[in-house]
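Take a look at the structure below.
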Amino acid sequence: MRLTEQLTPSVVKIGLQSEDKEELFEEMVQLLVEARRLTDRNAALQALIEREAKMTTGIARWIGLPHGKVEKIDNLIIALGVSKKGIEYDSLDGEPVYIVLLVLAEIDNPGPHIEALAEISRLFALPGFTEKMRAVKTPEEAIALIRAEE
(Lines give C-alpha, C1' and ligand atoms only; values in the text may rest on other atoms or scores of the structure.)
Protein backbone atom coordinates (compact mmCIF):
# COMPACT_ATOMS: atom_id res chain seq x y z
CA MET A 1 0.00 0.00 0.00
CA ARG A 2 1.43 3.34 -1.09
CA LEU A 3 -0.25 6.27 0.64
CA THR A 4 1.04 8.65 -2.01
CA GLU A 5 -1.23 6.94 -4.54
CA GLN A 6 -4.13 8.43 -2.57
CA LEU A 7 -2.61 11.77 -1.55
CA THR A 8 -2.60 14.85 -3.75
CA PRO A 9 -2.11 18.46 -2.62
CA SER A 10 -5.90 18.93 -2.73
CA VAL A 11 -6.36 16.49 0.19
CA VAL A 12 -3.43 17.71 2.29
CA LYS A 13 -3.91 20.74 4.53
CA ILE A 14 -1.03 22.37 6.35
CA GLY A 15 -2.24 24.75 9.04
CA LEU A 16 -5.42 23.08 10.28
CA GLN A 17 -7.62 25.58 12.11
CA SER A 18 -9.56 23.17 14.35
CA GLU A 19 -9.19 23.36 18.10
CA ASP A 20 -10.92 20.10 19.01
CA LYS A 21 -11.75 16.71 17.56
CA GLU A 22 -15.29 17.55 16.42
CA GLU A 23 -14.14 20.63 14.52
CA LEU A 24 -11.30 18.59 13.08
CA PHE A 25 -13.63 15.95 11.65
CA GLU A 26 -15.67 18.71 9.99
CA GLU A 27 -12.55 20.41 8.59
CA MET A 28 -11.03 17.21 7.21
CA VAL A 29 -14.28 15.94 5.68
CA GLN A 30 -14.83 19.35 4.08
CA LEU A 31 -11.36 19.08 2.55
CA LEU A 32 -12.40 15.80 0.90
CA VAL A 33 -15.70 17.27 -0.31
CA GLU A 34 -13.93 20.28 -1.84
CA ALA A 35 -11.45 17.95 -3.54
CA ARG A 36 -14.42 16.00 -4.97
CA ARG A 37 -13.26 12.78 -3.34
CA LEU A 38 -16.36 12.50 -1.18
CA THR A 39 -20.01 13.21 -1.87
CA ASP A 40 -21.82 12.12 1.30
CA ARG A 41 -20.43 14.47 3.91
CA ASN A 42 -22.92 13.46 6.62
CA ALA A 43 -22.29 9.72 6.21
CA ALA A 44 -18.54 10.31 6.53
CA LEU A 45 -18.94 12.40 9.67
CA GLN A 46 -21.28 9.81 11.19
CA ALA A 47 -18.80 6.99 10.45
CA LEU A 48 -15.98 8.93 12.12
CA ILE A 49 -18.07 9.79 15.19
CA GLU A 50 -19.29 6.20 15.58
CA ARG A 51 -15.76 4.82 15.33
CA GLU A 52 -14.41 7.39 17.76
CA ALA A 53 -17.13 6.51 20.30
CA LYS A 54 -15.63 3.00 20.56
CA MET A 55 -12.13 4.25 21.41
CA THR A 56 -10.06 7.32 20.67
CA THR A 57 -8.04 7.27 17.47
CA GLY A 58 -5.45 9.51 19.10
CA ILE A 59 -3.26 6.49 19.68
CA ALA A 60 0.31 7.69 19.20
CA ARG A 61 2.32 10.76 20.17
CA TRP A 62 0.90 13.80 18.35
CA ILE A 63 -0.97 11.67 15.79
CA GLY A 64 -4.69 11.34 15.16
CA LEU A 65 -5.89 8.56 12.90
CA PRO A 66 -9.64 9.01 12.51
CA HIS A 67 -11.09 6.34 10.28
CA GLY A 68 -14.38 4.78 9.34
CA LYS A 69 -16.33 2.89 6.75
CA VAL A 70 -18.86 4.63 4.55
CA GLU A 71 -21.48 2.97 2.38
CA LYS A 72 -21.18 5.18 -0.69
CA ILE A 73 -17.41 4.84 -1.02
CA ASP A 74 -16.08 2.39 -3.55
CA ASN A 75 -12.40 2.93 -2.85
CA LEU A 76 -10.08 4.10 -0.11
CA ILE A 77 -10.00 7.85 0.62
CA ILE A 78 -7.19 9.45 2.61
CA ALA A 79 -6.61 13.04 3.74
CA LEU A 80 -3.68 14.48 5.68
CA GLY A 81 -3.66 17.52 7.92
CA VAL A 82 -0.99 19.22 10.01
CA SER A 83 -1.77 21.61 12.84
CA LYS A 84 0.84 24.07 14.04
CA LYS A 85 -0.93 24.84 17.33
CA GLY A 86 -2.22 21.37 18.30
CA ILE A 87 -5.75 19.99 18.55
CA GLU A 88 -7.46 18.73 21.72
CA TYR A 89 -8.20 15.12 20.79
CA ASP A 90 -8.71 13.06 23.97
CA SER A 91 -5.63 11.08 22.99
CA LEU A 92 -4.52 8.08 25.02
CA ASP A 93 -1.41 9.99 26.11
CA GLY A 94 -3.35 13.18 26.90
CA GLU A 95 -1.26 15.15 24.40
CA PRO A 96 -2.68 17.32 21.60
CA VAL A 97 -2.66 16.05 18.04
CA TYR A 98 -0.57 17.82 15.40
CA ILE A 99 -0.77 15.35 12.52
CA VAL A 100 -4.02 13.85 11.27
CA LEU A 101 -4.48 11.10 8.73
CA LEU A 102 -8.13 10.53 7.97
CA VAL A 103 -8.99 7.23 6.29
CA LEU A 104 -12.40 6.36 4.86
CA ALA A 105 -13.10 3.00 3.29
CA GLU A 106 -15.91 1.02 1.76
CA ILE A 107 -17.93 -1.17 4.10
CA ASP A 108 -17.51 -4.61 2.53
CA ASN A 109 -13.81 -4.51 1.65
CA PRO A 110 -11.62 -4.33 4.78
CA GLY A 111 -8.32 -5.14 3.02
CA PRO A 112 -7.31 -1.67 1.76
CA HIS A 113 -8.45 -0.05 5.01
CA ILE A 114 -6.27 -2.36 7.12
CA GLU A 115 -3.32 -1.97 4.73
CA ALA A 116 -3.54 1.83 4.93
CA LEU A 117 -3.66 1.83 8.74
CA ALA A 118 -0.68 -0.54 8.84
CA GLU A 119 1.36 1.63 6.45
CA ILE A 120 0.54 4.78 8.43
CA SER A 121 1.63 3.03 11.64
CA ARG A 122 4.86 1.88 9.98
CA LEU A 123 5.72 5.37 8.72
CA PHE A 124 5.13 7.11 12.02
CA ALA A 125 7.19 4.49 13.87
CA LEU A 126 10.26 5.56 11.87
CA PRO A 127 12.67 7.61 14.02
CA GLY A 128 12.16 11.34 13.43
CA PHE A 129 9.30 10.96 10.94
CA THR A 130 6.66 12.58 13.16
CA GLU A 131 8.89 15.57 13.86
CA LYS A 132 9.68 15.97 10.16
CA MET A 133 5.96 15.86 9.29
CA ARG A 134 5.20 18.51 11.92
CA ALA A 135 7.77 20.78 10.25
CA VAL A 136 6.45 20.61 6.67
CA LYS A 137 5.27 23.88 5.18
CA THR A 138 3.40 22.78 2.06
CA PRO A 139 1.24 19.86 0.93
CA GLU A 140 3.91 18.98 -1.62
CA GLU A 141 6.55 18.73 1.14
CA ALA A 142 4.30 16.41 3.15
CA ILE A 143 3.71 14.12 0.17
CA ALA A 144 7.42 14.10 -0.70
CA LEU A 145 8.29 13.14 2.89
CA ILE A 146 5.91 10.17 2.74
CA ARG A 147 7.10 9.19 -0.75
CA ALA A 148 10.72 9.12 0.43
CA GLU A 149 9.87 6.49 3.05
CA GLU A 150 7.47 4.31 1.03
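Here's how to read the names in the C-alpha coordinates: chain A, B, ... by the order shown, residue numbers from 1 in each chain, ligand numbers from 1 in the order shown.
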*Secondary structure check, strand (DSSP E or B) residues of chain A, as a ChimeraX atom specification*: /A:12-14,20,60,63-64,67-70,77-88,97-106
With N, CA and C atoms retained, write the just-selected residues as an mmCIF file, in the first residue's frame.
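What follows is the written file result_13.cif:
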```cif
data_model
loop_
_atom_site.group_PDB
_atom_site.id
_atom_site.type_symbol
_atom_site.label_atom_id
_atom_site.label_comp_id
_atom_site.auth_asym_id
_atom_site.auth_seq_id
_atom_site.Cartn_x
_atom_site.Cartn_y
_atom_site.Cartn_z
ATOM 1 N N VAL A 12 -4.418 17.490 1.231
ATOM 2 C CA VAL A 12 -3.434 17.714 2.289
ATOM 3 C C VAL A 12 -3.574 19.171 2.720
ATOM 4 N N LYS A 13 -3.765 19.381 4.018
ATOM 5 C CA LYS A 13 -3.906 20.744 4.528
ATOM 6 C C LYS A 13 -2.877 20.995 5.624
ATOM 7 N N ILE A 14 -2.020 21.946 5.361
ATOM 8 C CA ILE A 14 -1.034 22.370 6.348
ATOM 9 C C ILE A 14 -1.606 23.628 7.007
ATOM 10 N N ASP A 20 -10.565 21.362 18.369
ATOM 11 C CA ASP A 20 -10.923 20.100 19.011
ATOM 12 C C ASP A 20 -11.308 19.060 17.961
ATOM 13 N N ALA A 60 -1.153 7.564 19.172
ATOM 14 C CA ALA A 60 0.307 7.689 19.203
ATOM 15 C C ALA A 60 0.667 9.155 19.433
ATOM 16 N N ILE A 63 -0.338 12.148 17.020
ATOM 17 C CA ILE A 63 -0.969 11.669 15.793
ATOM 18 C C ILE A 63 -2.421 11.275 16.041
ATOM 19 N N GLY A 64 -3.299 11.761 15.167
ATOM 20 C CA GLY A 64 -4.692 11.341 15.160
ATOM 21 C C GLY A 64 -4.942 10.547 13.887
ATOM 22 N N HIS A 67 -10.760 7.185 11.418
ATOM 23 C CA HIS A 67 -11.086 6.341 10.279
ATOM 24 C C HIS A 67 -12.483 5.766 10.441
ATOM 25 N N GLY A 68 -13.051 5.366 9.323
ATOM 26 C CA GLY A 68 -14.379 4.781 9.341
ATOM 27 C C GLY A 68 -14.728 4.206 7.989
ATOM 28 N N LYS A 69 -15.852 3.508 7.984
ATOM 29 C CA LYS A 69 -16.332 2.887 6.754
ATOM 30 C C LYS A 69 -17.643 3.557 6.355
ATOM 31 N N VAL A 70 -17.723 3.876 5.059
ATOM 32 C CA VAL A 70 -18.861 4.625 4.547
ATOM 33 C C VAL A 70 -19.470 3.864 3.379
ATOM 34 N N ILE A 77 -10.192 6.401 0.680
ATOM 35 C CA ILE A 77 -10.000 7.851 0.622
ATOM 36 C C ILE A 77 -9.150 8.251 1.817
ATOM 37 N N ILE A 78 -8.101 9.017 1.546
ATOM 38 C CA ILE A 78 -7.195 9.455 2.612
ATOM 39 C C ILE A 78 -6.989 10.961 2.513
ATOM 40 N N ALA A 79 -6.956 11.621 3.670
ATOM 41 C CA ALA A 79 -6.608 13.039 3.737
ATOM 42 C C ALA A 79 -5.594 13.215 4.857
ATOM 43 N N LEU A 80 -4.730 14.199 4.701
ATOM 44 C CA LEU A 80 -3.679 14.477 5.682
ATOM 45 C C LEU A 80 -3.779 15.932 6.110
ATOM 46 N N GLY A 81 -3.668 16.158 7.401
ATOM 47 C CA GLY A 81 -3.660 17.515 7.915
ATOM 48 C C GLY A 81 -2.582 17.693 8.963
ATOM 49 N N VAL A 82 -2.014 18.889 9.019
ATOM 50 C CA VAL A 82 -0.992 19.216 10.009
ATOM 51 C C VAL A 82 -1.420 20.507 10.713
ATOM 52 N N SER A 83 -1.435 20.452 12.024
ATOM 53 C CA SER A 83 -1.773 21.610 12.842
ATOM 54 C C SER A 83 -0.495 22.156 13.464
ATOM 55 N N LYS A 84 -0.335 23.450 13.421
ATOM 56 C CA LYS A 84 0.842 24.069 14.037
ATOM 57 C C LYS A 84 0.614 24.322 15.529
ATOM 58 N N LYS A 85 -0.640 24.498 15.940
ATOM 59 C CA LYS A 85 -0.932 24.837 17.333
ATOM 60 C C LYS A 85 -1.387 23.650 18.176
ATOM 61 N N GLY A 86 -1.750 22.543 17.554
ATOM 62 C CA GLY A 86 -2.217 21.370 18.297
ATOM 63 C C GLY A 86 -3.728 21.369 18.447
ATOM 64 N N ILE A 87 -4.298 20.180 18.491
ATOM 65 C CA ILE A 87 -5.748 19.992 18.555
ATOM 66 C C ILE A 87 -6.072 19.105 19.750
ATOM 67 N N GLU A 88 -6.997 19.552 20.593
ATOM 68 C CA GLU A 88 -7.458 18.734 21.716
ATOM 69 C C GLU A 88 -8.185 17.520 21.140
ATOM 70 N N VAL A 97 -2.992 16.650 19.325
ATOM 71 C CA VAL A 97 -2.662 16.048 18.036
ATOM 72 C C VAL A 97 -2.178 17.149 17.106
ATOM 73 N N TYR A 98 -1.115 16.871 16.371
ATOM 74 C CA TYR A 98 -0.569 17.818 15.402
ATOM 75 C C TYR A 98 -0.664 17.285 13.968
ATOM 76 N N ILE A 99 -0.724 15.984 13.836
ATOM 77 C CA ILE A 99 -0.775 15.352 12.518
ATOM 78 C C ILE A 99 -2.003 14.459 12.470
ATOM 79 N N VAL A 100 -2.787 14.619 11.414
ATOM 80 C CA VAL A 100 -4.017 13.847 11.274
ATOM 81 C C VAL A 100 -4.031 13.163 9.923
ATOM 82 N N LEU A 101 -4.252 11.871 9.953
ATOM 83 C CA LEU A 101 -4.480 11.105 8.729
ATOM 84 C C LEU A 101 -5.872 10.518 8.832
ATOM 85 N N LEU A 102 -6.755 11.000 7.987
ATOM 86 C CA LEU A 102 -8.132 10.529 7.969
ATOM 87 C C LEU A 102 -8.259 9.467 6.874
ATOM 88 N N VAL A 103 -8.835 8.332 7.229
ATOM 89 C CA VAL A 103 -8.991 7.228 6.294
ATOM 90 C C VAL A 103 -10.459 6.819 6.258
ATOM 91 N N LEU A 104 -11.034 6.847 5.071
ATOM 92 C CA LEU A 104 -12.400 6.362 4.863
ATOM 93 C C LEU A 104 -12.352 5.221 3.863
ATOM 94 N N ALA A 105 -13.121 4.180 4.143
ATOM 95 C CA ALA A 105 -13.099 2.999 3.292
ATOM 96 C C ALA A 105 -14.508 2.490 3.052
ATOM 97 N N GLU A 106 -14.613 1.641 2.041
ATOM 98 C CA GLU A 106 -15.907 1.019 1.760
ATOM 99 C C GLU A 106 -16.214 -0.035 2.817
#
```
*asked:* I need the residues in segment 5-119 of chain A that are helix (DSSP H, G or I) according to DSSP; give them as a ChimeraX atom specification.
replied: /A:5,9-11,21-34,41-54,110-119
_I'd like the neighbourhood of Leu123 of chain A as a PyMOL selection string, where a residue qualifies if any of its atoms comes within 8 Å (using only C-alpha atoms), though same-chain residues fewer than 5 positions away should be ignored._
chain A and resi 129+146+149-150
Selection file, N, CA and C atoms, as an mmCIF file, in the first residue's frame:
```cif
data_model
loop_
_atom_site.group_PDB
_atom_site.id
_atom_site.type_symbol
_atom_site.label_atom_id
_atom_site.label_comp_id
_atom_site.auth_asym_id
_atom_site.auth_seq_id
_atom_site.Cartn_x
_atom_site.Cartn_y
_atom_site.Cartn_z
ATOM 1 N N PHE A 129 10.296 10.698 11.979
ATOM 2 C CA PHE A 129 9.303 10.961 10.936
ATOM 3 C C PHE A 129 8.215 11.927 11.422
ATOM 4 N N ILE A 146 6.494 11.525 2.721
ATOM 5 C CA ILE A 146 5.905 10.172 2.738
ATOM 6 C C ILE A 146 6.502 9.339 1.604
ATOM 7 N N GLU A 149 9.812 7.624 2.118
ATOM 8 C CA GLU A 149 9.866 6.487 3.048
ATOM 9 C C GLU A 149 9.041 5.283 2.587
ATOM 10 N N GLU A 150 8.310 5.416 1.505
ATOM 11 C CA GLU A 150 7.469 4.305 1.034
ATOM 12 C C GLU A 150 8.296 3.237 0.341
#
```
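Atom CA of Val33 of chain A is found 27.5 Å from atom CA of Lys132 of chain A.
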*In Å to one decimal, how far is atom CA of Thr4 of chain A from atom CA of Ile143 of chain A?*
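Atom CA of Thr4 of chain A lies 6.5 Å from atom CA of Ile143 of chain A.
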List the spatial neighbours of Ile107 of chain A as an mmCIF file with N, CA and C atoms, in the first residue's frame - criterion: any atom at most 12 Å away, only C-alpha atoms, same-chain residues fewer than 2 positions off excluded.
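Printed below is around_18.cif as written:
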```
data_model
loop_
_atom_site.group_PDB
_atom_site.id
_atom_site.type_symbol
_atom_site.label_atom_id
_atom_site.label_comp_id
_atom_site.auth_asym_id
_atom_site.auth_seq_id
_atom_site.Cartn_x
_atom_site.Cartn_y
_atom_site.Cartn_z
ATOM 1 N N ALA A 43 -22.608 11.132 5.963
ATOM 2 C CA ALA A 43 -22.288 9.724 6.213
ATOM 3 C C ALA A 43 -20.846 9.579 6.691
ATOM 4 N N ALA A 44 -19.949 10.366 6.114
ATOM 5 C CA ALA A 44 -18.544 10.309 6.526
ATOM 6 C C ALA A 44 -18.392 10.781 7.968
ATOM 7 N N ALA A 47 -19.720 8.137 10.335
ATOM 8 C CA ALA A 47 -18.803 6.992 10.452
ATOM 9 C C ALA A 47 -17.633 7.324 11.381
ATOM 10 N N HIS A 67 -10.760 7.185 11.418
ATOM 11 C CA HIS A 67 -11.086 6.341 10.279
ATOM 12 C C HIS A 67 -12.483 5.766 10.441
ATOM 13 N N GLY A 68 -13.051 5.366 9.323
ATOM 14 C CA GLY A 68 -14.379 4.781 9.341
ATOM 15 C C GLY A 68 -14.728 4.206 7.989
ATOM 16 N N LYS A 69 -15.852 3.508 7.984
ATOM 17 C CA LYS A 69 -16.332 2.887 6.754
ATOM 18 C C LYS A 69 -17.643 3.557 6.355
ATOM 19 N N VAL A 70 -17.723 3.876 5.059
ATOM 20 C CA VAL A 70 -18.861 4.625 4.547
ATOM 21 C C VAL A 70 -19.470 3.864 3.379
ATOM 22 N N GLU A 71 -20.775 3.768 3.376
ATOM 23 C CA GLU A 71 -21.485 2.971 2.384
ATOM 24 C C GLU A 71 -21.262 3.418 0.943
ATOM 25 N N LYS A 72 -21.244 4.697 0.691
ATOM 26 C CA LYS A 72 -21.183 5.179 -0.692
ATOM 27 C C LYS A 72 -19.763 5.387 -1.206
ATOM 28 N N ILE A 73 -18.802 4.749 -0.567
ATOM 29 C CA ILE A 73 -17.413 4.837 -1.016
ATOM 30 C C ILE A 73 -17.064 3.528 -1.703
ATOM 31 N N ASP A 74 -16.457 3.618 -2.868
ATOM 32 C CA ASP A 74 -16.080 2.393 -3.554
ATOM 33 C C ASP A 74 -14.563 2.245 -3.672
ATOM 34 N N ASN A 75 -13.843 3.036 -2.899
ATOM 35 C CA ASN A 75 -12.398 2.925 -2.850
ATOM 36 C C ASN A 75 -11.910 3.621 -1.586
ATOM 37 N N LEU A 76 -10.670 3.471 -1.283
ATOM 38 C CA LEU A 76 -10.081 4.104 -0.115
ATOM 39 C C LEU A 76 -9.914 5.604 -0.354
ATOM 40 N N LEU A 104 -11.034 6.847 5.071
ATOM 41 C CA LEU A 104 -12.400 6.362 4.863
ATOM 42 C C LEU A 104 -12.352 5.221 3.863
ATOM 43 N N ALA A 105 -13.121 4.180 4.143
ATOM 44 C CA ALA A 105 -13.099 2.999 3.292
ATOM 45 C C ALA A 105 -14.508 2.490 3.052
ATOM 46 N N ASN A 109 -15.135 -4.160 2.133
ATOM 47 C CA ASN A 109 -13.809 -4.514 1.650
ATOM 48 C C ASN A 109 -12.763 -4.033 2.662
ATOM 49 N N PRO A 110 -12.510 -4.793 3.725
ATOM 50 C CA PRO A 110 -11.615 -4.329 4.783
ATOM 51 C C PRO A 110 -10.134 -4.315 4.410
ATOM 52 N N GLY A 111 -9.733 -5.024 3.372
ATOM 53 C CA GLY A 111 -8.318 -5.143 3.023
ATOM 54 C C GLY A 111 -7.593 -3.826 2.861
ATOM 55 N N PRO A 112 -8.018 -2.941 1.948
ATOM 56 C CA PRO A 112 -7.307 -1.667 1.759
ATOM 57 C C PRO A 112 -7.280 -0.803 3.014
ATOM 58 N N HIS A 113 -8.351 -0.826 3.778
ATOM 59 C CA HIS A 113 -8.447 -0.047 5.011
ATOM 60 C C HIS A 113 -7.363 -0.504 5.992
#
```
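With only C-alpha atoms as the atoms that count, the residue of A:Leu65, A:Leu92, A:Val11, A:Ala142 with the shortest distance to Arg37 of chain A is A:Val11.
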